[in-house]
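Comments concern the structure below.
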Amino acid sequence: MSESASPSNSGLGSYLRLLKSPGAGALAFWGVVGRFPIAMRSIGCLMLVSAVTGSLGDAGTVAAAMLVSQGVAAPFLGRLADRRSQRAVLLVTCLGHAVGMTLLLVSIGLELPLWAMVAAAVVTGCTSVSFTGFMRARWAAFVDQGVLRTAYAMESVLDDTIFLLGPLLVTVLSSSVHPAAGLVVCAVLTVTGSVAVALHRRSEPASAHTPGEHRQRAITVPGVWVLMITYAGMGFLFGAVDVTMIAFAEERSASGLSGVLLALIAVGSLVAGMAYGAVDWRVPQTRMLAVTTCVLTLSAVPLAFAGSLPVMGVLAVVAGVAVSPALIAGSTLLESVAPKGALSEAFSWLNSFGALGIASGTAVGGQLADLGTSAHAAWAGAAGGLVALVLSLVGQPVLRKGESAARPAPETATATATAGQ
């Protein structure tokens, strides 16, 4: 591992110290390149299909097929990466992704039947690895435990930045350059980032594959299930809150400001995530998960009572404050409770359940907003957060057991430090 835990691993300078370690800057940069399309792909697909066919319904169907297939395939690609190697999976899937994206662009451009577009979208989705999960598994193999929280915090901040800039970038490309430009850039970024990260040998997680040996799957670990369902609850909150912002702006005949409200949530999350990662917390991560999910749930409640756009803008920032800290605490705990040879799979499951929660929260929140008001969507989000909070509390014994198992005993820590000297 490239970085040693030290008492100075706190403060904003912890990010600079992390990035100055050999290979860390390159890993962070290419990781951003590889996962930038996460915030662009579905929007680019929606814009291209609707521009060519004139049907938002068809566009939604194609985009949904791509997202659902990605969510289903990602955990299995993660397990394959744990058993074989991330390098092999990244190199093979990026080629398959390029083929799938080419088929998708051709099928849309030629206005082939909807089933053909959906089939191409499924190929594209099935060859999209959980890049976020792969990166977190790499950081776990690349840095020591004392620096891992900072690495996960940095990843969360980068994710927020991507989701701030990605939609803007793909919208500009698709509307100002060419309707297909957004998806073309997505394909280029995915292939480039995948190849660069695959060739980053320093951070390559060790393969868990040994002929004749049975390795425990991440999905069989109770602590992983607790975190998966917790993430699904948080994802439900995120999806419902997004709908709340859009519906609130539309109710006030200011739909153009919905993007601003959503961006303010990301700003709150980004700032809080950076601050959270800069603090050397002495509180167990199990407790931090419960605290952050509690704050996350409570922050959704005031959204139901906002009376004006300026007030909602302030509440949007507040609603984002607990987002990154909750995700960072969850990621840190997952690294502790998951089998060491199954981190890529574990993070892929976590991301898939989070995505499932977002999709469900968006759907339910949208229905409630249509039947009532944006306040109903906000209450739905709070309900999703409550599920996450209950799971984080009920699952404390299981998570604490995994966290304790991952923490070295005093004798072991002393021996390790002596050996290092």
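Identifiers in the structure tokens: chain A, B, ... in order shown; residue index from 1 per chain; ligand index from 1 in order shown.
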Fewer than 6 positions away in the same chain doesn't count, so skip those; otherwise give me all residues within 8 Å of stretch 29-40 of chain A, counting only C-alpha atoms, as a PDB file with all heavy atoms, in the first residue's frame.
```
ATOM      1  N   PHE A 131     -18.235   1.353 -12.199  1.00  0.00           N
ATOM      2  CA  PHE A 131     -16.928   2.008 -12.124  1.00  0.00           C
ATOM      3  C   PHE A 131     -16.682   2.599 -10.741  1.00  0.00           C
ATOM      4  O   PHE A 131     -15.564   2.563 -10.226  1.00  0.00           O
ATOM      5  CB  PHE A 131     -16.834   3.107 -13.191  1.00  0.00           C
ATOM      6  CG  PHE A 131     -15.482   3.197 -13.840  1.00  0.00           C
ATOM      7  CD1 PHE A 131     -15.206   2.532 -15.017  1.00  0.00           C
ATOM      8  CD2 PHE A 131     -14.468   3.922 -13.252  1.00  0.00           C
ATOM      9  CE1 PHE A 131     -13.950   2.591 -15.603  1.00  0.00           C
ATOM     10  CE2 PHE A 131     -13.214   4.004 -13.822  1.00  0.00           C
ATOM     11  CZ  PHE A 131     -12.954   3.341 -15.006  1.00  0.00           C
ATOM     12  N   THR A 132     -17.740   3.124 -10.136  1.00  0.00           N
ATOM     13  CA  THR A 132     -17.604   3.670  -8.788  1.00  0.00           C
ATOM     14  C   THR A 132     -17.171   2.581  -7.811  1.00  0.00           C
ATOM     15  O   THR A 132     -16.294   2.789  -6.967  1.00  0.00           O
ATOM     16  CB  THR A 132     -18.937   4.290  -8.335  1.00  0.00           C
ATOM     17  OG1 THR A 132     -19.272   5.364  -9.205  1.00  0.00           O
ATOM     18  CG2 THR A 132     -18.837   4.819  -6.919  1.00  0.00           C
ATOM     19  N   MET A 135     -13.530   1.540  -8.404  1.00  0.00           N
ATOM     20  CA  MET A 135     -12.582   2.528  -7.887  1.00  0.00           C
ATOM     21  C   MET A 135     -12.433   2.403  -6.375  1.00  0.00           C
ATOM     22  O   MET A 135     -11.318   2.483  -5.833  1.00  0.00           O
ATOM     23  CB  MET A 135     -13.038   3.931  -8.261  1.00  0.00           C
ATOM     24  CG  MET A 135     -12.840   4.285  -9.733  1.00  0.00           C
ATOM     25  SD  MET A 135     -11.096   4.203 -10.224  1.00  0.00           S
ATOM     26  CE  MET A 135     -10.387   5.448  -9.141  1.00  0.00           C
ATOM     27  N   LEU A 158     -15.767  13.771  -5.771  1.00  0.00           N
ATOM     28  CA  LEU A 158     -15.631  13.687  -7.225  1.00  0.00           C
ATOM     29  C   LEU A 158     -16.943  13.252  -7.875  1.00  0.00           C
ATOM     30  O   LEU A 158     -17.315  13.742  -8.947  1.00  0.00           O
ATOM     31  CB  LEU A 158     -14.500  12.714  -7.588  1.00  0.00           C
ATOM     32  CG  LEU A 158     -13.079  13.174  -7.230  1.00  0.00           C
ATOM     33  CD1 LEU A 158     -12.075  12.072  -7.530  1.00  0.00           C
ATOM     34  CD2 LEU A 158     -12.718  14.445  -7.983  1.00  0.00           C
ATOM     35  N   ILE A 162     -19.017  15.258 -10.656  1.00  0.00           N
ATOM     36  CA  ILE A 162     -19.420  14.642 -11.918  1.00  0.00           C
ATOM     37  C   ILE A 162     -20.909  14.848 -12.176  1.00  0.00           C
ATOM     38  O   ILE A 162     -21.330  15.171 -13.296  1.00  0.00           O
ATOM     39  CB  ILE A 162     -19.069  13.137 -11.907  1.00  0.00           C
ATOM     40  CG1 ILE A 162     -17.552  12.952 -12.044  1.00  0.00           C
ATOM     41  CG2 ILE A 162     -19.800  12.381 -13.019  1.00  0.00           C
ATOM     42  CD1 ILE A 162     -17.078  11.550 -11.779  1.00  0.00           C
ATOM     43  N   PHE A 163     -21.714  14.672 -11.127  1.00  0.00           N
ATOM     44  CA  PHE A 163     -23.160  14.826 -11.304  1.00  0.00           C
ATOM     45  C   PHE A 163     -23.585  16.289 -11.398  1.00  0.00           C
ATOM     46  O   PHE A 163     -24.721  16.577 -11.778  1.00  0.00           O
ATOM     47  CB  PHE A 163     -23.908  14.102 -10.185  1.00  0.00           C
ATOM     48  CG  PHE A 163     -24.055  12.634 -10.438  1.00  0.00           C
ATOM     49  CD1 PHE A 163     -23.135  11.734  -9.931  1.00  0.00           C
ATOM     50  CD2 PHE A 163     -25.092  12.155 -11.227  1.00  0.00           C
ATOM     51  CE1 PHE A 163     -23.238  10.370 -10.190  1.00  0.00           C
ATOM     52  CE2 PHE A 163     -25.214  10.807 -11.490  1.00  0.00           C
ATOM     53  CZ  PHE A 163     -24.291   9.899 -10.977  1.00  0.00           C
ATOM     54  N   GLY A 166     -21.688  16.655 -15.417  1.00  0.00           N
ATOM     55  CA  GLY A 166     -22.048  15.692 -16.457  1.00  0.00           C
ATOM     56  C   GLY A 166     -23.308  16.038 -17.227  1.00  0.00           C
ATOM     57  O   GLY A 166     -23.288  16.093 -18.463  1.00  0.00           O
ATOM     58  N   PRO A 167     -24.436  16.267 -16.528  1.00  0.00           N
ATOM     59  CA  PRO A 167     -25.664  16.614 -17.244  1.00  0.00           C
ATOM     60  C   PRO A 167     -25.524  17.879 -18.093  1.00  0.00           C
ATOM     61  O   PRO A 167     -26.066  17.953 -19.194  1.00  0.00           O
ATOM     62  CB  PRO A 167     -26.679  16.820 -16.112  1.00  0.00           C
ATOM     63  CG  PRO A 167     -26.168  15.966 -15.002  1.00  0.00           C
ATOM     64  CD  PRO A 167     -24.677  16.080 -15.085  1.00  0.00           C
ATOM     65  N   LEU A 169     -22.692  18.990 -19.476  1.00  0.00           N
ATOM     66  CA  LEU A 169     -21.850  18.672 -20.614  1.00  0.00           C
ATOM     67  C   LEU A 169     -22.615  17.926 -21.699  1.00  0.00           C
ATOM     68  O   LEU A 169     -22.553  18.274 -22.889  1.00  0.00           O
ATOM     69  CB  LEU A 169     -20.644  17.838 -20.158  1.00  0.00           C
ATOM     70  CG  LEU A 169     -19.715  17.320 -21.263  1.00  0.00           C
ATOM     71  CD1 LEU A 169     -19.113  18.477 -22.047  1.00  0.00           C
ATOM     72  CD2 LEU A 169     -18.614  16.445 -20.660  1.00  0.00           C
ATOM     73  N   VAL A 170     -23.365  16.883 -21.315  1.00  0.00           N
ATOM     74  CA  VAL A 170     -24.077  16.089 -22.315  1.00  0.00           C
ATOM     75  C   VAL A 170     -25.199  16.897 -22.963  1.00  0.00           C
ATOM     76  O   VAL A 170     -25.493  16.741 -24.159  1.00  0.00           O
ATOM     77  CB  VAL A 170     -24.616  14.782 -21.690  1.00  0.00           C
ATOM     78  CG1 VAL A 170     -25.785  15.051 -20.746  1.00  0.00           C
ATOM     79  CG2 VAL A 170     -25.033  13.798 -22.780  1.00  0.00           C
ATOM     80  N   GLY A 182     -23.344  13.476 -27.437  1.00  0.00           N
ATOM     81  CA  GLY A 182     -23.274  13.111 -26.030  1.00  0.00           C
ATOM     82  C   GLY A 182     -22.918  11.653 -25.831  1.00  0.00           C
ATOM     83  O   GLY A 182     -22.031  11.316 -25.033  1.00  0.00           O
ATOM     84  N   LEU A 183     -23.578  10.760 -26.570  1.00  0.00           N
ATOM     85  CA  LEU A 183     -23.295   9.328 -26.433  1.00  0.00           C
ATOM     86  C   LEU A 183     -21.924   8.967 -26.991  1.00  0.00           C
ATOM     87  O   LEU A 183     -21.247   8.074 -26.462  1.00  0.00           O
ATOM     88  CB  LEU A 183     -24.383   8.505 -27.132  1.00  0.00           C
ATOM     89  CG  LEU A 183     -25.737   8.439 -26.417  1.00  0.00           C
ATOM     90  CD1 LEU A 183     -26.696   7.530 -27.189  1.00  0.00           C
ATOM     91  CD2 LEU A 183     -25.590   7.948 -24.985  1.00  0.00           C
ATOM     92  N   CYS A 186     -19.491   9.811 -24.361  1.00  0.00           N
ATOM     93  CA  CYS A 186     -19.617   8.808 -23.299  1.00  0.00           C
ATOM     94  C   CYS A 186     -18.806   7.564 -23.625  1.00  0.00           C
ATOM     95  O   CYS A 186     -18.090   7.024 -22.765  1.00  0.00           O
ATOM     96  CB  CYS A 186     -21.082   8.431 -23.099  1.00  0.00           C
ATOM     97  SG  CYS A 186     -22.049   9.645 -22.191  1.00  0.00           S
ATOM     98  N   ALA A 187     -18.917   7.092 -24.863  1.00  0.00           N
ATOM     99  CA  ALA A 187     -18.188   5.892 -25.284  1.00  0.00           C
ATOM    100  C   ALA A 187     -16.684   6.117 -25.215  1.00  0.00           C
ATOM    101  O   ALA A 187     -15.931   5.261 -24.727  1.00  0.00           O
ATOM    102  CB  ALA A 187     -18.607   5.495 -26.695  1.00  0.00           C
ATOM    103  N   LEU A 189     -15.012   8.323 -23.359  1.00  0.00           N
ATOM    104  CA  LEU A 189     -14.577   8.442 -21.965  1.00  0.00           C
ATOM    105  C   LEU A 189     -14.554   7.090 -21.265  1.00  0.00           C
ATOM    106  O   LEU A 189     -13.630   6.787 -20.497  1.00  0.00           O
ATOM    107  CB  LEU A 189     -15.512   9.396 -21.209  1.00  0.00           C
ATOM    108  CG  LEU A 189     -15.448  10.878 -21.606  1.00  0.00           C
ATOM    109  CD1 LEU A 189     -16.509  11.664 -20.851  1.00  0.00           C
ATOM    110  CD2 LEU A 189     -14.067  11.448 -21.338  1.00  0.00           C
ATOM    111  N   THR A 190     -15.569   6.257 -21.525  1.00  0.00           N
ATOM    112  CA  THR A 190     -15.627   4.933 -20.889  1.00  0.00           C
ATOM    113  C   THR A 190     -14.441   4.076 -21.298  1.00  0.00           C
ATOM    114  O   THR A 190     -13.777   3.459 -20.457  1.00  0.00           O
ATOM    115  CB  THR A 190     -16.935   4.217 -21.254  1.00  0.00           C
ATOM    116  OG1 THR A 190     -18.049   4.976 -20.771  1.00  0.00           O
ATOM    117  CG2 THR A 190     -16.980   2.820 -20.645  1.00  0.00           C
ATOM    118  N   VAL A 191     -14.164   4.023 -22.603  1.00  0.00           N
ATOM    119  CA  VAL A 191     -13.058   3.202 -23.102  1.00  0.00           C
ATOM    120  C   VAL A 191     -11.720   3.737 -22.590  1.00  0.00           C
ATOM    121  O   VAL A 191     -10.876   2.980 -22.091  1.00  0.00           O
ATOM    122  CB  VAL A 191     -13.074   3.147 -24.636  1.00  0.00           C
ATOM    123  CG1 VAL A 191     -11.817   2.453 -25.165  1.00  0.00           C
ATOM    124  CG2 VAL A 191     -14.319   2.418 -25.130  1.00  0.00           C
ATOM    125  N   THR A 192     -11.521   5.046 -22.692  1.00  0.00           N
ATOM    126  CA  THR A 192     -10.253   5.647 -22.261  1.00  0.00           C
ATOM    127  C   THR A 192     -10.017   5.439 -20.770  1.00  0.00           C
ATOM    128  O   THR A 192      -8.934   5.006 -20.344  1.00  0.00           O
ATOM    129  CB  THR A 192     -10.242   7.156 -22.566  1.00  0.00           C
ATOM    130  OG1 THR A 192     -10.481   7.360 -23.962  1.00  0.00           O
ATOM    131  CG2 THR A 192      -8.911   7.778 -22.191  1.00  0.00           C
ATOM    132  N   GLY A 193     -11.036   5.741 -19.961  1.00  0.00           N
ATOM    133  CA  GLY A 193     -10.895   5.580 -18.519  1.00  0.00           C
ATOM    134  C   GLY A 193     -10.694   4.131 -18.117  1.00  0.00           C
ATOM    135  O   GLY A 193      -9.887   3.830 -17.227  1.00  0.00           O
ATOM    136  N   SER A 194     -11.420   3.221 -18.760  1.00  0.00           N
ATOM    137  CA  SER A 194     -11.303   1.799 -18.428  1.00  0.00           C
ATOM    138  C   SER A 194      -9.899   1.279 -18.716  1.00  0.00           C
ATOM    139  O   SER A 194      -9.307   0.569 -17.887  1.00  0.00           O
ATOM    140  CB  SER A 194     -12.334   0.988 -19.220  1.00  0.00           C
ATOM    141  OG  SER A 194     -13.647   1.335 -18.859  1.00  0.00           O
ATOM    142  N   ALA A 196      -7.079   3.037 -19.015  1.00  0.00           N
ATOM    143  CA  ALA A 196      -6.088   3.681 -18.154  1.00  0.00           C
ATOM    144  C   ALA A 196      -6.114   3.099 -16.742  1.00  0.00           C
ATOM    145  O   ALA A 196      -5.067   2.838 -16.142  1.00  0.00           O
ATOM    146  CB  ALA A 196      -6.337   5.188 -18.119  1.00  0.00           C
ATOM    147  N   VAL A 197      -7.307   2.901 -16.180  1.00  0.00           N
ATOM    148  CA  VAL A 197      -7.409   2.331 -14.831  1.00  0.00           C
ATOM    149  C   VAL A 197      -6.948   0.873 -14.831  1.00  0.00           C
ATOM    150  O   VAL A 197      -6.271   0.421 -13.902  1.00  0.00           O
ATOM    151  CB  VAL A 197      -8.859   2.443 -14.303  1.00  0.00           C
ATOM    152  CG1 VAL A 197      -9.032   1.643 -13.012  1.00  0.00           C
ATOM    153  CG2 VAL A 197      -9.214   3.905 -14.050  1.00  0.00           C
TER     154      VAL A 197
END
```
Residue nearest A:Ser352 - candidates A:Ala232, A:Val89, A:Val279, A:Ile219, atoms counted: only C-alpha atoms:
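Checking each of A:Ala232, A:Val89, A:Val279, A:Ile219 against A:Ser352, counting only C-alpha atoms, the winner is A:Ala232.
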As a ChimeraX atom specification, please: all residues of stretch 311-350 of chain A that backbone DSSP puts in alpha helix (DSSP H).
/A:311-320,323-337,343-350
So that I can see what lies close to stretch 301-316 of chain A, please list as a ChimeraX atom specification the residues with an atom at most 7 Å from it, counting only C-alpha atoms and leaving out residues fewer than 6 positions away in the same chain.
/A:261,264-265,375,378-379,382
Written file, previous selection with N, CA and C atoms, as a short mmCIF file (atom, residue, chain, number, x, y, z; two decimals), in the first residue's frame:
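Wrote it out as selection-v5.cif, contents follow:
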```cif
data_model
loop_
_atom_site.label_atom_id
_atom_site.label_comp_id
_atom_site.auth_asym_id
_atom_site.auth_seq_id
_atom_site.Cartn_x
_atom_site.Cartn_y
_atom_site.Cartn_z
N LEU A 261 -32.06 24.00 -8.33
CA LEU A 261 -32.36 23.38 -7.03
C LEU A 261 -31.62 22.05 -6.88
N LEU A 264 -28.02 22.67 -6.19
CA LEU A 264 -27.77 23.12 -4.81
C LEU A 264 -27.66 21.94 -3.85
N ILE A 265 -28.43 20.88 -4.11
CA ILE A 265 -28.30 19.66 -3.30
C ILE A 265 -26.89 19.10 -3.46
N ALA A 375 -44.98 18.35 -2.00
CA ALA A 375 -44.84 17.98 -0.58
C ALA A 375 -45.02 16.48 -0.39
N ALA A 378 -41.87 14.82 -1.12
CA ALA A 378 -40.90 15.04 -0.04
C ALA A 378 -41.14 14.07 1.12
N TRP A 379 -42.42 13.83 1.46
CA TRP A 379 -42.74 12.88 2.52
C TRP A 379 -42.33 11.46 2.12
N ALA A 382 -38.69 11.20 2.83
CA ALA A 382 -38.45 11.02 4.26
C ALA A 382 -38.73 9.58 4.68
#
```
Tell me, as a list in words, which residues lie within 12 Å of A:Asp58, counting only C-alpha atoms; anything in the same chain fewer than 2 positions away does not count.
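After dropping sequence-adjacent residues, the list is Cys45, Leu46, Met47, Leu48, Val49, Ser50, Ala51, Val52, Thr53, Gly54, Ser55, Leu56, Gly60, Thr61, Val62, Ala63, Ala64, Ala65, Ile108, Glu111, Leu112, Pro113, Leu114, Trp115, Ala116, Met117 and Val118 of chain A.
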A:Ser107, A:Ser344, A:Gln367, A:Thr373: which is nearest A:Leu80, counting only C-alpha atoms?
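Closest to A:Leu80 of all the choices is A:Ser344.
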Neighbour list for A:Gly23 as a ChimeraX atom specification, cut-off 10 Å, only C-alpha atoms, skip fewer than 5 positions in-chain:
/A:2,18,28,142,200-203
Give me the residues within 10 Å of A:Asn351 as a PyMOL selection string, counting only C-alpha atoms and dropping any in the same chain fewer than 2 places off.
chain A and resi 71+74-75+130-133+228+231-232+235+345-349+353-357
Selection export as an mmCIF file, in the first residue's frame, atoms kept: N, CA and C atoms:
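Contents of part.cif, freshly written:
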```cif
data_model
loop_
_atom_site.group_PDB
_atom_site.id
_atom_site.type_symbol
_atom_site.label_atom_id
_atom_site.label_comp_id
_atom_site.auth_asym_id
_atom_site.auth_seq_id
_atom_site.Cartn_x
_atom_site.Cartn_y
_atom_site.Cartn_z
ATOM 1 N N GLY A 71 -27.690 -2.292 -13.979
ATOM 2 C CA GLY A 71 -27.861 -2.621 -12.568
ATOM 3 C C GLY A 71 -27.840 -4.118 -12.307
ATOM 4 N N ALA A 74 -23.946 -5.463 -13.276
ATOM 5 C CA ALA A 74 -22.788 -4.931 -12.548
ATOM 6 C C ALA A 74 -22.280 -5.832 -11.423
ATOM 7 N N PRO A 75 -23.151 -6.375 -10.551
ATOM 8 C CA PRO A 75 -22.624 -7.237 -9.483
ATOM 9 C C PRO A 75 -21.921 -8.485 -10.006
ATOM 10 N N SER A 130 -19.603 -1.363 -12.727
ATOM 11 C CA SER A 130 -19.836 -0.373 -11.674
ATOM 12 C C SER A 130 -18.511 0.322 -11.402
ATOM 13 N N PHE A 131 -18.235 1.353 -12.199
ATOM 14 C CA PHE A 131 -16.928 2.008 -12.124
ATOM 15 C C PHE A 131 -16.682 2.599 -10.741
ATOM 16 N N THR A 132 -17.740 3.124 -10.136
ATOM 17 C CA THR A 132 -17.604 3.670 -8.788
ATOM 18 C C THR A 132 -17.171 2.581 -7.811
ATOM 19 N N GLY A 133 -17.793 1.399 -7.910
ATOM 20 C CA GLY A 133 -17.429 0.289 -7.048
ATOM 21 C C GLY A 133 -16.016 -0.198 -7.304
ATOM 22 N N MET A 228 -26.737 -2.889 1.879
ATOM 23 C CA MET A 228 -27.442 -2.832 0.601
ATOM 24 C C MET A 228 -28.846 -2.252 0.765
ATOM 25 N N TYR A 231 -28.682 1.384 1.673
ATOM 26 C CA TYR A 231 -28.418 2.186 0.469
ATOM 27 C C TYR A 231 -29.663 2.299 -0.396
ATOM 28 N N ALA A 232 -30.451 1.238 -0.449
ATOM 29 C CA ALA A 232 -31.695 1.299 -1.224
ATOM 30 C C ALA A 232 -32.632 2.348 -0.620
ATOM 31 N N GLY A 235 -31.224 5.680 -1.466
ATOM 32 C CA GLY A 235 -31.465 5.940 -2.883
ATOM 33 C C GLY A 235 -32.902 6.354 -3.136
ATOM 34 N N GLU A 345 -17.258 -7.010 -6.082
ATOM 35 C CA GLU A 345 -18.637 -7.504 -6.111
ATOM 36 C C GLU A 345 -19.484 -6.764 -5.064
ATOM 37 N N ALA A 346 -18.930 -6.599 -3.857
ATOM 38 C CA ALA A 346 -19.687 -5.971 -2.781
ATOM 39 C C ALA A 346 -20.075 -4.535 -3.135
ATOM 40 N N PHE A 347 -19.123 -3.767 -3.637
ATOM 41 C CA PHE A 347 -19.423 -2.388 -4.007
ATOM 42 C C PHE A 347 -20.394 -2.327 -5.186
ATOM 43 N N SER A 348 -20.314 -3.301 -6.069
ATOM 44 C CA SER A 348 -21.244 -3.335 -7.206
ATOM 45 C C SER A 348 -22.672 -3.588 -6.726
ATOM 46 N N TRP A 349 -22.825 -4.509 -5.764
ATOM 47 C CA TRP A 349 -24.155 -4.747 -5.187
ATOM 48 C C TRP A 349 -24.685 -3.489 -4.505
ATOM 49 N N PHE A 353 -28.142 -1.585 -5.646
ATOM 50 C CA PHE A 353 -29.282 -1.366 -4.751
ATOM 51 C C PHE A 353 -29.552 0.123 -4.572
ATOM 52 N N GLY A 354 -28.493 0.917 -4.539
ATOM 53 C CA GLY A 354 -28.690 2.361 -4.465
ATOM 54 C C GLY A 354 -29.403 2.878 -5.705
ATOM 55 N N ALA A 355 -29.002 2.384 -6.874
ATOM 56 C CA ALA A 355 -29.645 2.791 -8.135
ATOM 57 C C ALA A 355 -31.094 2.328 -8.178
ATOM 58 N N LEU A 356 -31.344 1.096 -7.675
ATOM 59 C CA LEU A 356 -32.718 0.590 -7.620
ATOM 60 C C LEU A 356 -33.573 1.488 -6.719
ATOM 61 N N GLY A 357 -32.989 1.916 -5.606
ATOM 62 C CA GLY A 357 -33.704 2.811 -4.710
ATOM 63 C C GLY A 357 -34.010 4.151 -5.369
#
```
